$ cat input04.txt   # compact mmCIF, C-alpha atoms
# COMPACT_ATOMS: atom_id res chain seq x y z
CA MET L 295 62.86 98.59 132.49
CA GLY L 296 63.52 96.61 129.30
CA ALA L 297 66.58 94.65 128.32
CA ILE L 298 69.84 96.50 128.09
CA ASN L 299 70.73 97.03 124.41
CA LEU L 300 74.50 97.05 124.63
CA LYS L 301 74.97 97.62 120.91
CA MET L 302 72.96 100.83 121.07
CA LEU L 303 74.52 102.02 124.27
CA LEU L 304 78.17 101.18 123.64
CA GLU L 305 78.66 101.33 119.86
CA SER L 306 79.81 104.96 119.88
CA GLN L 307 82.96 104.03 121.79
CA SER L 308 84.32 102.18 118.78
CA LEU L 309 83.09 104.58 116.09
CA GLU L 310 85.56 106.53 114.00
CA ARG L 311 85.06 110.06 112.78
CA ALA L 312 85.94 109.38 109.15
CA PRO L 313 86.42 105.67 108.48
CA PHE L 314 87.10 106.07 104.75
CA PRO L 315 90.09 106.51 102.44
CA VAL L 316 90.47 109.65 100.32
CA PRO L 317 87.78 109.30 97.64
CA VAL L 318 88.49 109.13 93.91
CA GLY L 319 87.68 112.28 91.94
CA TRP L 320 88.62 115.63 90.49
CA TYR L 321 89.72 118.15 93.11
CA PHE L 322 90.51 121.82 93.25
CA ILE L 323 94.22 122.48 93.76
CA ASP L 324 94.50 126.26 93.53
CA TYR L 325 93.27 129.26 91.59
CA SER L 326 95.10 129.58 88.27
CA GLU L 327 96.26 133.09 89.06
CA ASN L 328 98.20 131.81 92.07
CA LEU L 329 100.67 129.81 89.99
CA LYS L 330 102.89 131.68 87.56
CA PRO L 331 104.92 130.06 84.77
CA GLY L 332 108.14 128.70 86.25
CA GLU L 333 106.73 128.63 89.77
CA LEU L 334 107.02 125.57 92.03
CA ARG L 335 105.80 124.88 95.55
CA ASN L 336 104.85 122.10 97.93
CA ILE L 337 101.22 121.39 98.69
CA PHE L 338 99.61 118.93 101.08
CA VAL L 339 96.44 117.22 99.81
CA PHE L 340 95.08 113.67 99.61
CA GLY L 341 97.07 112.77 102.73
CA GLN L 342 100.53 113.53 101.35
CA GLU L 343 102.85 116.18 100.02
CA TRP L 344 102.99 116.98 96.29
CA VAL L 345 105.03 119.32 94.13
CA LEU L 346 102.82 121.80 92.29
CA PHE L 347 104.53 123.58 89.41
CA ARG L 348 103.81 125.40 86.20
CA SER L 349 106.03 124.93 83.14
CA GLU L 350 107.41 127.94 81.28
CA SER L 351 104.76 127.50 78.58
CA GLY L 352 102.05 127.45 81.25
CA LYS L 353 101.23 123.79 81.83
CA PRO L 354 100.45 122.92 85.45
CA GLY L 355 101.84 119.77 87.03
CA VAL L 356 101.22 118.00 90.33
CA THR L 357 103.72 115.25 91.14
CA ASP L 358 104.96 113.09 93.95
CA PRO L 359 107.84 114.98 95.58
CA TYR L 360 110.39 112.17 95.74
CA CYS L 361 112.69 111.68 92.76
CA PRO L 362 112.57 108.08 91.49
CA HIS L 363 116.36 108.17 91.17
CA LEU L 364 117.69 108.58 94.71
CA GLY L 365 114.71 110.01 96.53
CA ALA L 366 115.46 113.73 96.76
CA HIS L 367 112.44 115.91 97.59
CA MET L 368 112.02 117.97 94.44
CA GLY L 369 109.95 120.59 96.22
CA HIS L 370 113.03 121.55 98.22
CA GLY L 371 115.61 122.89 95.79
CA GLY L 372 114.01 121.60 92.60
CA LYS L 373 113.32 123.97 89.71
CA VAL L 374 111.13 124.36 86.69
CA CYS L 375 113.36 124.11 83.60
CA GLY L 376 111.41 124.86 80.46
CA GLU L 377 108.64 122.28 80.37
CA HIS L 378 110.18 120.10 83.07
CA LEU L 379 110.53 119.76 86.79
CA ARG L 380 114.23 119.31 87.58
CA CYS L 381 115.47 117.47 90.63
CA PRO L 382 118.14 119.41 92.56
CA PHE L 383 120.20 116.31 93.35
CA HIS L 384 121.39 115.11 89.90
CA HIS L 385 119.25 117.24 87.53
CA TRP L 386 117.01 114.42 86.35
CA GLU L 387 114.04 116.07 84.61
CA TYR L 388 110.37 115.14 84.47
CA ASP L 389 107.48 116.47 82.43
CA THR L 390 104.03 117.28 83.86
CA GLU L 391 102.92 113.69 83.19
CA GLY L 392 105.81 112.25 85.21
CA ASN L 393 107.88 111.02 82.27
CA CYS L 394 111.63 111.20 82.81
CA LYS L 395 112.85 113.38 79.94
CA ALA L 396 116.52 113.93 80.71
CA ILE L 397 119.39 112.51 82.73
CA PRO L 398 122.28 114.83 81.97
CA TYR L 399 125.09 112.31 82.51
CA ALA L 400 123.66 108.95 81.40
CA LYS L 401 124.91 107.53 78.12
CA VAL L 402 121.78 105.39 77.96
CA MET L 403 118.39 106.34 79.34
CA PRO L 404 117.05 103.40 81.40
CA PRO L 405 114.51 101.62 79.18
CA ILE L 406 111.81 101.98 81.82
CA THR L 407 111.83 105.74 81.12
CA LYS L 408 110.57 105.01 77.60
CA LYS L 409 107.74 102.79 78.74
CA GLY L 410 105.75 105.41 80.65
CA PRO L 411 105.80 107.76 83.63
CA ILE L 412 108.15 106.79 86.43
CA LEU L 413 107.13 109.65 88.73
CA ARG L 414 103.55 109.77 89.96
CA ALA L 415 101.85 112.79 88.40
CA LEU L 416 98.19 113.55 88.85
CA PRO L 417 96.14 114.22 85.71
CA THR L 418 95.75 118.00 85.94
CA VAL L 419 93.60 120.46 83.99
CA GLU L 420 92.63 124.12 84.19
CA LYS L 421 88.95 124.93 84.27
CA TYR L 422 86.80 127.64 85.89
CA GLY L 423 90.03 129.68 86.34
CA MET L 424 91.31 126.96 88.65
CA ILE L 425 93.76 124.08 88.63
CA TRP L 426 92.12 120.68 89.11
CA SER L 427 93.75 117.31 89.69
CA TRP L 428 92.40 113.81 89.47
CA TYR L 429 93.10 111.64 92.48
CA HIS L 430 92.94 107.86 92.25
CA PRO L 431 94.80 105.70 94.78
CA ALA L 432 95.77 103.21 92.06
CA CYS L 433 96.78 105.97 89.58
CA GLU L 434 93.96 105.14 87.18
CA GLU L 435 93.01 107.66 84.50
CA PRO L 436 89.96 109.92 84.99
CA SER L 437 86.68 108.06 84.62
CA PHE L 438 84.59 111.20 84.15
CA GLU L 439 85.09 114.81 83.10
CA LEU L 440 84.44 118.11 84.79
CA PRO L 441 81.24 119.72 83.49
CA TYR L 442 80.68 122.99 81.65
CA VAL L 443 79.42 125.50 84.20
CA PRO L 444 78.14 128.59 82.38
CA GLU L 445 78.05 130.76 85.51
CA ILE L 446 81.84 130.62 85.78
CA GLU L 447 82.87 129.85 82.20
CA ASP L 448 80.64 132.28 80.29
CA ALA L 449 82.30 135.66 80.73
CA THR L 450 79.37 137.65 79.36
CA GLY L 451 76.32 136.64 81.37
CA TYR L 452 77.54 136.25 84.92
CA THR L 453 79.68 137.91 87.51
CA GLY L 454 80.64 137.69 91.15
CA SER L 455 84.06 137.51 92.77
CA ARG L 456 83.02 136.29 96.21
CA ARG L 457 84.94 133.26 97.30
CA GLY L 458 85.44 131.55 100.58
CA SER L 459 87.49 128.78 102.13
CA TRP L 460 86.82 126.89 105.33
CA SER L 461 88.54 123.98 107.07
CA ALA L 462 86.40 121.13 108.29
CA ASN L 463 87.75 118.39 110.49
CA THR L 464 85.95 115.60 108.75
CA CYS L 465 85.73 113.82 105.41
CA ILE L 466 83.82 114.93 102.30
CA GLN L 467 81.18 112.23 102.61
CA GLU L 468 80.15 113.55 106.01
CA ILE L 469 79.97 117.12 104.71
CA ALA L 470 78.03 116.16 101.58
CA GLU L 471 75.58 113.98 103.47
CA ASN L 472 73.96 117.16 104.79
CA GLY L 473 72.63 117.72 101.27
CA VAL L 474 70.19 114.84 101.63
CA ASP L 475 69.66 115.32 105.36
CA VAL L 476 66.77 117.73 104.95
CA ALA L 477 65.55 117.43 108.53
CA HIS L 478 68.64 119.22 109.80
CA LEU L 479 67.73 122.24 107.67
CA LYS L 480 64.81 122.96 109.98
CA PHE L 481 66.51 122.22 113.27
CA LEU L 482 70.15 123.18 112.79
CA HIS L 483 69.62 125.94 110.21
CA ASN L 484 66.26 127.10 111.51
CA ALA L 485 64.50 126.79 108.14
CA PRO L 486 60.75 127.32 108.43
CA ILE L 487 59.93 123.76 107.37
CA ILE L 488 61.59 120.45 106.56
CA PRO L 489 61.67 120.89 102.80
CA PRO L 490 61.00 117.97 100.48
CA VAL L 491 64.04 116.49 98.75
CA GLU L 492 64.53 114.41 95.65
CA ALA L 493 67.90 112.87 94.94
CA THR L 494 68.75 111.23 91.64
CA TYR L 495 71.95 109.34 90.97
CA ASN L 496 73.62 108.73 87.65
CA GLY L 497 77.10 107.21 87.67
CA PRO L 498 79.48 109.68 89.32
CA THR L 499 76.89 112.46 89.29
CA MET L 500 74.09 113.20 91.68
CA ARG L 501 71.32 115.79 91.62
CA ILE L 502 69.48 116.91 94.69
CA ASN L 503 66.39 119.04 94.44
CA ILE L 504 65.48 120.60 97.77
CA GLY L 505 62.16 122.38 98.20
CA GLN L 506 60.88 121.67 94.67
CA GLY L 507 63.45 123.73 92.85
CA TYR L 508 64.48 126.13 95.61
CA ILE L 509 67.92 124.52 95.73
CA VAL L 510 69.11 122.27 92.91
CA GLY L 511 72.57 120.85 93.46
CA ASP L 512 74.59 118.86 90.94
CA SER L 513 77.55 116.87 92.20
CA TYR L 514 80.29 115.64 89.92
CA GLY L 515 82.10 113.15 92.09
CA PRO L 516 83.08 114.22 95.62
CA GLY L 517 85.04 117.30 94.53
CA LEU L 518 82.55 119.59 92.79
CA ASN L 519 79.04 120.58 93.63
CA VAL L 520 77.16 123.27 91.71
CA MET L 521 74.19 124.50 93.72
CA ARG L 522 71.62 126.82 92.20
CA PHE L 523 69.31 128.73 94.51
CA THR L 524 66.17 130.03 92.82
CA GLN L 525 63.77 132.40 94.55
CA LYS L 526 61.17 134.88 93.51
CA ASP L 527 62.27 138.45 94.08
CA PRO L 528 59.36 140.01 95.99
CA VAL L 529 59.99 143.44 94.43
CA THR L 530 60.03 142.49 90.74
CA GLY L 531 58.21 139.14 90.96
CA LYS L 532 60.98 137.53 88.89
CA ALA L 533 62.56 134.18 89.73
CA ILE L 534 66.24 134.78 90.20
CA THR L 535 68.92 132.10 90.37
CA ALA L 536 72.22 132.50 92.16
CA THR L 537 74.94 129.89 92.02
CA MET L 538 77.32 128.44 94.53
CA LEU L 539 80.20 126.35 93.28
CA SER L 540 81.46 124.23 96.11
CA TYR L 541 84.76 122.42 95.63
CA THR L 542 86.04 120.65 98.65
CA VAL L 543 89.48 119.08 98.78
CA PRO L 544 90.43 116.11 100.94
CA VAL L 545 93.50 117.37 102.78
CA SER L 546 93.71 113.95 104.36
CA HIS L 547 91.20 111.17 104.96
CA ASP L 548 89.62 113.09 107.85
CA LYS L 549 90.33 116.74 107.07
CA SER L 550 88.75 118.76 104.28
CA GLN L 551 89.18 122.22 102.86
CA MET L 552 85.86 123.57 101.64
CA ASN L 553 86.15 126.16 98.91
CA MET L 554 83.33 128.08 97.31
CA SER L 555 82.73 130.62 94.60
CA PHE L 556 79.51 132.57 94.41
CA ARG L 557 78.20 133.74 91.05
CA HIS L 558 75.12 135.59 89.93
CA VAL L 559 73.54 137.05 86.83
CA ASP L 560 75.29 140.23 85.77
CA PHE L 561 72.41 142.60 86.63
CA PRO L 562 73.06 146.31 86.09
CA ALA L 563 74.27 148.28 89.11
CA GLY L 564 71.53 149.75 91.25
CA THR L 565 68.76 147.40 90.10
CA PRO L 566 66.56 145.60 92.63
CA GLU L 567 67.52 142.31 90.97
CA LEU L 568 71.16 142.90 91.84
CA ALA L 569 70.32 143.74 95.43
CA PHE L 570 68.18 140.63 95.69
CA THR L 571 70.70 138.24 94.23
CA LYS L 572 73.44 139.58 96.50
CA LYS L 573 71.21 138.86 99.45
CA GLN L 574 70.68 135.33 98.12
CA ILE L 575 74.42 134.82 98.33
CA ASP L 576 74.61 136.23 101.86
CA HIS L 577 71.98 133.69 102.75
CA MET L 578 73.98 130.78 101.34
CA ILE L 579 76.97 131.54 103.50
CA GLY L 580 75.57 132.74 106.79
CA ALA L 581 72.60 134.52 108.24
CA ALA L 582 71.41 137.19 105.80
CA GLU L 583 70.12 140.42 107.19
CA GLY L 584 66.56 140.18 108.46
CA GLU L 585 66.39 136.41 108.17
CA GLU L 586 65.90 133.82 110.82
CA SER L 587 67.62 130.90 109.12
CA ALA L 588 71.34 130.36 108.94
CA GLY L 589 73.73 129.33 106.16
CA PHE L 590 76.32 126.65 106.67
CA GLU L 591 79.05 128.88 108.05
CA SER L 592 77.43 129.58 111.36
CA VAL L 593 75.97 126.19 112.23
CA ASP L 594 77.29 123.18 110.33
CA PHE L 595 80.92 123.19 111.46
CA ILE L 596 80.20 122.54 115.11
CA VAL L 597 78.51 119.31 114.05
CA TRP L 598 80.99 118.26 111.36
CA ASN L 599 84.02 118.92 113.51
CA ASN L 600 82.87 116.80 116.42
CA LYS L 601 80.61 114.04 115.16
CA ARG L 602 81.45 110.37 114.65
CA TYR L 603 80.30 108.45 111.61
CA ARG L 604 77.51 106.01 112.40
CA PRO L 605 77.47 103.25 109.79
CA ASN L 606 74.19 102.08 111.31
CA PRO L 607 72.37 105.31 112.10
CA LEU L 608 69.02 105.26 113.86
CA LEU L 609 66.78 106.99 111.34
CA CYS L 610 63.11 107.80 111.67
CA ASP L 611 60.31 108.80 109.34
CA GLY L 612 60.88 112.34 108.16
CA ASP L 613 64.63 111.85 107.80
CA GLY L 614 66.12 112.38 104.37
CA PRO L 615 67.35 109.64 101.98
CA ILE L 616 70.65 109.02 103.76
CA PHE L 617 71.26 105.43 102.66
CA PRO L 618 70.95 105.89 98.87
CA PHE L 619 73.40 108.77 99.21
CA ARG L 620 75.89 106.60 101.07
CA LYS L 621 75.50 103.84 98.49
CA TRP L 622 76.24 106.34 95.71
CA PHE L 623 79.26 107.74 97.52
CA LYS L 624 80.77 104.30 98.08
CA GLN L 625 81.83 104.11 94.40
CA PHE L 626 84.54 106.68 95.13
CA TYR L 627 86.32 104.50 97.67
CA VAL L 628 89.12 102.41 96.20
CA GLU L 629 91.64 100.79 98.47
CA LYS L 630 95.30 101.56 97.95
CA PRO L 631 96.85 98.72 95.91
CA LYS L 632 99.34 96.51 97.69
CA LEU L 633 102.64 96.40 95.89
CA ASP L 634 104.08 93.00 95.11
CA ASP L 635 106.31 91.58 92.39
CA ALA L 636 103.42 91.30 89.97
CA SER L 637 102.62 95.02 90.06
CA ALA L 638 106.24 96.18 90.46
CA MET M 197 129.22 77.57 94.43
CA ALA M 198 130.08 77.24 90.76
CA VAL M 199 133.29 78.05 88.95
CA VAL M 200 132.83 80.27 85.91
CA LYS M 201 135.34 80.62 83.12
CA LEU M 202 135.88 84.28 82.21
CA ILE M 203 137.28 85.90 79.12
CA GLY M 204 138.34 89.42 80.05
CA ARG M 205 138.15 92.58 77.95
CA ASP M 206 141.84 92.09 77.14
CA GLY M 207 141.13 88.53 75.96
CA GLY M 208 142.78 86.98 79.00
CA GLU M 209 141.16 83.95 80.58
CA SER M 210 140.55 83.38 84.27
CA LYS M 211 138.32 81.46 86.68
CA LEU M 212 135.85 82.95 89.13
CA GLU M 213 133.91 81.36 91.96
CA ALA M 214 130.27 82.49 91.95
CA LEU M 215 127.93 81.89 94.89
CA SER M 216 124.82 79.85 94.18
CA GLY M 217 121.62 81.82 94.61
CA CYS M 218 123.28 85.13 93.70
CA PRO M 219 123.26 86.76 90.28
CA LEU M 220 126.43 86.29 88.27
CA MET M 221 126.71 90.09 88.14
CA GLU M 222 127.52 90.25 91.86
CA ALA M 223 130.47 87.89 91.51
CA LEU M 224 131.76 89.83 88.50
CA ARG M 225 131.24 93.20 90.20
CA ASP M 226 132.97 92.13 93.39
CA ALA M 227 135.92 90.69 91.44
CA ASN M 228 136.89 94.19 90.22
CA ILE M 229 137.30 93.24 86.61
CA GLY M 230 135.44 96.21 85.17
CA VAL M 231 131.85 95.04 85.54
CA GLU M 232 129.99 97.82 87.37
CA GLY M 233 126.50 96.39 87.83
CA THR M 234 125.45 99.88 88.91
CA CYS M 235 121.69 99.45 89.07
CA GLY M 236 121.80 96.34 91.22
CA GLY M 237 119.75 94.15 88.94
CA ALA M 238 116.96 96.49 87.81
CA CYS M 239 117.88 96.28 84.09
CA SER M 240 118.31 100.06 84.03
CA CYS M 241 122.08 100.60 83.49
CA GLY M 242 123.42 97.98 81.09
CA THR M 243 126.84 97.88 82.80
CA CYS M 244 126.90 94.12 83.49
CA HIS M 245 126.68 93.08 79.84
CA VAL M 246 128.40 89.78 79.01
CA TYR M 247 128.62 87.46 76.02
CA VAL M 248 127.59 83.96 77.06
CA ASP M 249 129.24 81.09 75.21
CA ALA M 250 126.81 79.60 72.71
CA ALA M 251 126.92 76.17 74.38
CA TRP M 252 125.44 77.61 77.58
CA LEU M 253 122.72 79.88 76.25
CA ASP M 254 119.83 77.44 76.47
CA LYS M 255 120.74 76.58 80.08
CA LEU M 256 119.90 80.13 81.20
CA PRO M 257 116.49 81.57 82.04
CA PRO M 258 115.00 83.40 79.03
CA LYS M 259 115.36 87.17 78.78
CA THR M 260 112.61 89.27 80.29
CA GLU M 261 111.23 92.20 78.36
CA ASP M 262 113.15 94.56 80.66
CA GLU M 263 116.46 92.81 79.93
CA GLN M 264 115.74 92.78 76.20
CA LEU M 265 114.95 96.52 76.19
CA MET M 266 118.13 97.36 78.13
CA LEU M 267 120.24 95.31 75.76
CA GLU M 268 118.67 97.08 72.78
CA ALA M 269 119.29 100.43 74.45
CA ILE M 270 123.04 99.81 74.81
CA GLY M 271 123.22 98.52 71.24
CA ASP M 272 124.20 101.98 69.95
CA LEU M 273 127.27 102.00 72.18
CA VAL M 274 128.57 98.42 72.24
CA PRO M 275 128.29 95.46 69.87
CA LEU M 276 125.46 93.05 70.59
CA LYS M 277 125.94 89.36 69.87
CA PRO M 278 123.63 86.33 70.02
CA GLY M 279 125.13 85.55 73.43
CA SER M 280 124.49 89.06 74.85
CA ARG M 281 122.98 88.90 78.34
CA LEU M 282 122.85 91.09 81.40
CA SER M 283 124.72 89.08 84.03
CA CYS M 284 122.39 90.42 86.72
CA GLN M 285 119.70 88.26 85.14
CA ILE M 286 121.72 85.03 85.45
CA PRO M 287 121.09 83.43 88.83
CA MET M 288 124.00 81.15 89.69
CA SER M 289 123.62 77.52 90.68
CA GLU M 290 125.70 74.35 90.73
CA ALA M 291 124.17 73.54 87.35
CA LEU M 292 126.17 76.39 85.81
CA GLU M 293 129.55 74.91 86.86
CA GLY M 294 131.90 75.64 83.97
CA LEU M 295 129.82 78.43 82.43
CA VAL M 296 131.87 80.41 79.92
CA VAL M 297 131.29 84.18 79.62
CA GLU M 298 133.16 87.02 77.98
CA ILE M 299 133.01 90.47 79.53
CA ALA M 300 131.51 92.86 76.98
CA PRO M 301 133.12 96.30 76.37
CA ALA M 302 132.32 99.13 78.79
CA LEU M 303 129.62 101.62 77.73
$ encode --input "input04.txt" --output "structure tokens"
Amino acid sequence: MGAINLKMLLESQSLERAPFPVPVGWYFIDYSENLKPGELRNIFVFGQEWVLFRSESGKPGVTDPYCPHLGAHMGHGGKVCGEHLRCPFHHWEYDTEGNCKAIPYAKVMPPITKKGPILRALPTVEKYGMIWSWYHPACEEPSFELPYVPEIEDATGYTGSRRGSWSANTCIQEIAENGVDVAHLKFLHNAPIIPPVEATYNGPTMRINIGQGYIVGDSYGPGLNVMRFTQKDPVTGKAITATMLSYTVPVSHDKSQMNMSFRHVDFPAGTPELAFTKKQIDHMIGAAEGEESAGFESVDFIVWNNKRYRPNPLLCDGDGPIFPFRKWFKQFYVEKPKLDDASA
Amino acid sequence: MAVVKLIGRDGGESKLEALSGCPLMEALRDANIGVEGTCGGACSCGTCHVYVDAAWLDKLPPKTEDEQLMLEAIGDLVPLKPGSRLSCQIPMSEALEGLVVEIAPAL
């Protein structure tokens, strides 16, 4: 019997499940069709409540709920008035950038209203038929842009309306780490082999290539991952690519909502290519008919929902490149600024 | 404590005791002489505007950008003078014993 290694044996007691703040990035808020002009509602993401609204002309806004004036919650009784969000309490109005645009009874607008936004509003855009907001704990402007994704932005070449949404009781880093953890593909997902993986990192983007082109995934920050699955159709001999857009939202620092859209080439009805590519998509989500291996839905959650994050994991040869991934992901963690007189 | 000499909106003169360490605005507001001081010192309402006697101006802390912007903003409604200050930005001390200020017109 060797020496007792207390660090190994006892470390798990003090481990946390998700010891990270909400990461910086662009995140899915809702599908565009779910927010009509003039509509307003409360949403809970990034560890707090926000007011989501769409102006009469169609601009989406995501703001802190509490009016800078006397603190009323604008998602309870507030209204969209033209291009503005109007507080129910004294009818102060804010635009989608958080600028105070009207105080109906003041003879003089407080000068601070001319200097810039006084209500926190997240930079918000519409892309892929969705509303996206930029989260940064210190309210900094976006440091990268969302990419052009032909599969969902080119109306002529692609189709597919399958979407899904799943709750995971962990943080995005833990979910995304599975992309480089190729050994789990064999043992948790029952893949025939441990596929080779190459991961390349470039600023906020990352590309993983699993199985020499079988799965190529491009991440744009923590909130968007475009994964392309390419396989040879045994009937026609053609290589066919199907696409999974994965856009996970940090509901809080340790709870995530995983959202996905599945897109494929617009093959004519009844063709073997169409049948094949639909099966590819079945395979991404769960176990496809006649296959041994399993997609994420059936096997990953039990691990995600119960694991603890090991900052010092015990890795062995054959494990995937976990540490470079973690080093890349670290750039998205920015501590909340402390407010003092200098920043007030 | 310092005693401040006031010139009211009606031109009448009076004396007011102002507590050291507190902004002049609080003494004016609490004296019920028409100074509202609504925003509590945030330079966002312009209701504590006074004209400071020229002899005292250089004994006061310089205007911050926020005070300057608020004064400019009320300039459409009330006359601004070289002695225009927001009294919430004048911290009282013994050194200001005898300070002379005129209450500016209401907005």
$ interface_residues --input "input04.txt" --of "chain L" --to "chain M" --cutoff "7 Å" --atoms "only C-alpha atoms" --output "PyMOL selection string"
chain L and resi 402+404-405
$ atom_distance --input "input04.txt" --atom1 "atom CA of M:Ile203" --atom2 "atom CA of M:Thr260"
24.9 Å
$ residues_around --input "input04.txt" --residues "L:Val419" --least-positions-apart "2" --cutoff "9 Å" --atoms "all atoms listed in the file" --output "compact mmCIF listing (two decimals) with C-alpha atoms, keeping the file's coordinate frame"
# COMPACT_ATOMS: atom_id res chain seq x y z
CA LYS L 353 101.23 123.79 81.83
CA PRO L 354 100.45 122.92 85.45
CA GLY L 355 101.84 119.77 87.03
CA PRO L 417 96.14 114.22 85.71
CA LYS L 421 88.95 124.93 84.27
CA MET L 424 91.31 126.96 88.65
CA ILE L 425 93.76 124.08 88.63
CA TRP L 426 92.12 120.68 89.11
CA SER L 427 93.75 117.31 89.69
CA TRP L 428 92.40 113.81 89.47
$ atom_distance --input "input04.txt" --atom1 "atom CA of L:Ile596" --atom2 "atom CA of L:Asn484"
15.1 Å
$ closest_residue --input "input04.txt" --among "M:Asp249, M:Asn228, M:Leu256, M:Gly208" --to "M:Ala291" --atoms "only C-alpha atoms"
M:Leu256
$ residues_around --input "input04.txt" --residues "stretch 246-248 of chain M" --least-positions-apart "6" --cutoff "8 Å" --atoms "only C-alpha atoms" --output "PyMOL selection string"
chain M and resi 277-283+296-300
$ atom_distance --input "input04.txt" --atom1 "atom CA of L:Ile504" --atom2 "atom CA of L:Gly614"
10.6 Å
$ residues_around --input "input04.txt" --residues "M:Leu220" --least-positions-apart "6" --cutoff "10 Å" --atoms "only C-alpha atoms" --output "PyMOL selection string"
chain M and resi 200+213-214+244+282-289
$ axis_aligned_box --input "input04.txt" --around "stretch 298-314 of chain L" --padding-each-side "4 Å" --output "JSON"
{"center_x": 78.5, "center_y": 103.3, "center_z": 116.4, "size_x": 25.3, "size_y": 21.6, "size_z": 31.3}
$ residues_around --input "input04.txt" --residues "L:Leu539" --least-positions-apart "5" --cutoff "7 Å" --atoms "only C-alpha atoms" --output "list in words"
Asn519, Val520, Met521, Met554, Ser555 and Phe556 of chain L
$ closest_residue --input "input04.txt" --among "M:Gly204, M:Ala250, M:Ala302, M:Leu292" --to "M:Pro219" --atoms "all atoms listed in the file"
M:Leu292
$ residues_around --input "input04.txt" --residues "stretch 600-603 of chain L" --least-positions-apart "2" --cutoff "9 Å" --atoms "all atoms listed in the file" --output "count of residues only"
16
$ closest_residue --input "input04.txt" --among "L:Thr535, L:Thr565, L:Ser459, L:Thr530" --to "L:Val510" --atoms "only C-alpha atoms"
L:Thr535
$ closest_residue --input "input04.txt" --among "M:Leu215, M:Ala198, M:Ala223, M:Leu276" --to "M:Gly294" --atoms "all atoms listed in the file"
M:Ala198
$ residues_near_point --input "input04.txt" --point "(116.2, 124.5, 82.6)" --cutoff "12 Å" --atoms "all atoms listed in the file" --output "PyMOL selection string"
chain L and resi 332+349-350+372-382+385-389+395-396+398
$ closest_residue --input "input04.txt" --among "L:Val443, L:Val316, L:Ile579, L:Val491" --to "L:Asn553" --atoms "only C-alpha atoms"
L:Ile579
$ residues_near_point --input "input04.txt" --point "(102.9, 117.3, 100.4)" --cutoff "12 Å" --atoms "only C-alpha atoms" --output "ChimeraX atom specification"
/L:335-346,356-360,367-370,545-546
